[in-house]
Amino acid sequence: MALTREEREQFLTEPHIAALAVDAGAGRAPLTVPIWYQYEPGGDAWIMTGLDSRKSRLIQAAGRFSLLVDRTEPTMRYVSVEGPVVGTTPATLEELREISARYLPAEKVEAYVDFSWKNHGEQVVFRLRPERWVSSDLGQD
């Protein structure tokens, strides 16, 4: 059964790992990789990745990407969102802290942020405007 707008937006606010998919060019399947994301209902979703990464280059070339988020407990539920990139900015320390706090235990955040900021190179934030949604909960009656 398809989810309502409120259900799918609420589901995306939960800290699931997304599968990012982006066009990889002629003769290639889409690049599909796991990624952390951030989302607030009614807003844009955003991800952070290395400025010089393959993901970054492909997203810049395609101008859009999709995120697929799913779970298997207590029911099989998924939300897929696709849309255009509406913003690309250098990542800030505050954004790194925000997305890290979404996925890591509180006591691990600062050490991870410090390590990542010093060792992962320049990062960029891509903002996706949700344009197309596909969602379902396969356990609903």
# chains A, B, ... in the order shown; residues from 1 in each chain; ligands from 1
>>> residues_around(residues="stretch 19-30 of chain A", least_positions_apart="5", cutoff="10 Å", atoms="only C-alpha atoms", output="count of residues only")
24
>>> select_by_dssp(residues="chain A", states="alpha helix (DSSP H)", output="MDAnalysis selection string")
chainID A and resid 5:13 54:62 93:103 106:119
>>> write_last_selection(atoms="C-alpha atoms", output="PDB file, in the first residue's frame")
ATOM      1  CA  ARG A   5       2.656  12.257   2.009  1.00  0.00           C
ATOM      2  CA  GLU A   6       2.921  12.604   5.785  1.00  0.00           C
ATOM      3  CA  GLU A   7       3.960   8.950   6.221  1.00  0.00           C
ATOM      4  CA  ARG A   8       6.670   9.079   3.569  1.00  0.00           C
ATOM      5  CA  GLU A   9       8.035  12.404   4.839  1.00  0.00           C
ATOM      6  CA  GLN A  10       8.081  11.102   8.417  1.00  0.00           C
ATOM      7  CA  PHE A  11       9.844   7.939   7.240  1.00  0.00           C
ATOM      8  CA  LEU A  12      12.595  10.011   5.606  1.00  0.00           C
ATOM      9  CA  THR A  13      13.179  11.903   8.855  1.00  0.00           C
ATOM     10  CA  ARG A  54      32.978  10.037  -8.462  1.00  0.00           C
ATOM     11  CA  LYS A  55      29.566  10.635  -6.840  1.00  0.00           C
ATOM     12  CA  SER A  56      30.172  14.361  -6.834  1.00  0.00           C
ATOM     13  CA  ARG A  57      31.270  14.477 -10.479  1.00  0.00           C
ATOM     14  CA  LEU A  58      28.311  12.359 -11.616  1.00  0.00           C
ATOM     15  CA  ILE A  59      25.765  14.386  -9.620  1.00  0.00           C
ATOM     16  CA  GLN A  60      27.162  17.617 -11.034  1.00  0.00           C
ATOM     17  CA  ALA A  61      26.960  16.219 -14.587  1.00  0.00           C
ATOM     18  CA  ALA A  62      23.459  14.748 -14.218  1.00  0.00           C
ATOM     19  CA  LEU A  93      31.689  21.874  10.060  1.00  0.00           C
ATOM     20  CA  GLU A  94      28.156  22.441  11.400  1.00  0.00           C
ATOM     21  CA  GLU A  95      26.624  20.351   8.598  1.00  0.00           C
ATOM     22  CA  LEU A  96      29.134  17.561   9.219  1.00  0.00           C
ATOM     23  CA  ARG A  97      28.262  17.640  12.915  1.00  0.00           C
ATOM     24  CA  GLU A  98      24.495  17.624  12.138  1.00  0.00           C
ATOM     25  CA  ILE A  99      24.592  14.642   9.798  1.00  0.00           C
ATOM     26  CA  SER A 100      27.029  12.742  12.041  1.00  0.00           C
ATOM     27  CA  ALA A 101      24.747  13.249  15.058  1.00  0.00           C
ATOM     28  CA  ARG A 102      21.889  11.750  13.040  1.00  0.00           C
ATOM     29  CA  TYR A 103      23.737   8.434  12.631  1.00  0.00           C
ATOM     30  CA  ALA A 106      26.250  11.134  20.900  1.00  0.00           C
ATOM     31  CA  GLU A 107      29.536  10.175  22.557  1.00  0.00           C
ATOM     32  CA  LYS A 108      31.110   9.315  19.163  1.00  0.00           C
ATOM     33  CA  VAL A 109      30.109  12.429  17.202  1.00  0.00           C
ATOM     34  CA  GLU A 110      32.888  14.874  18.099  1.00  0.00           C
ATOM     35  CA  ALA A 111      35.696  12.371  17.564  1.00  0.00           C
ATOM     36  CA  TYR A 112      34.241  11.353  14.193  1.00  0.00           C
ATOM     37  CA  VAL A 113      33.708  14.982  13.120  1.00  0.00           C
ATOM     38  CA  ASP A 114      37.272  15.891  14.100  1.00  0.00           C
ATOM     39  CA  PHE A 115      38.729  12.892  12.235  1.00  0.00           C
ATOM     40  CA  SER A 116      36.544  13.369   9.163  1.00  0.00           C
ATOM     41  CA  TRP A 117      37.172  17.112   8.888  1.00  0.00           C
ATOM     42  CA  LYS A 118      40.935  16.574   9.059  1.00  0.00           C
ATOM     43  CA  ASN A 119      41.228  13.421   6.913  1.00  0.00           C
TER      44      ASN A 119
END
>>> closest_residue(among="A:Ser136, A:Arg129, A:Pro74, A:Ala18", to="A:Pro41", atoms="only C-alpha atoms")
A:Arg129
>>> closest_residue(among="A:Met48, A:Met1, A:Val79, A:Val33", to="A:Arg127", atoms="only C-alpha atoms")
A:Met48
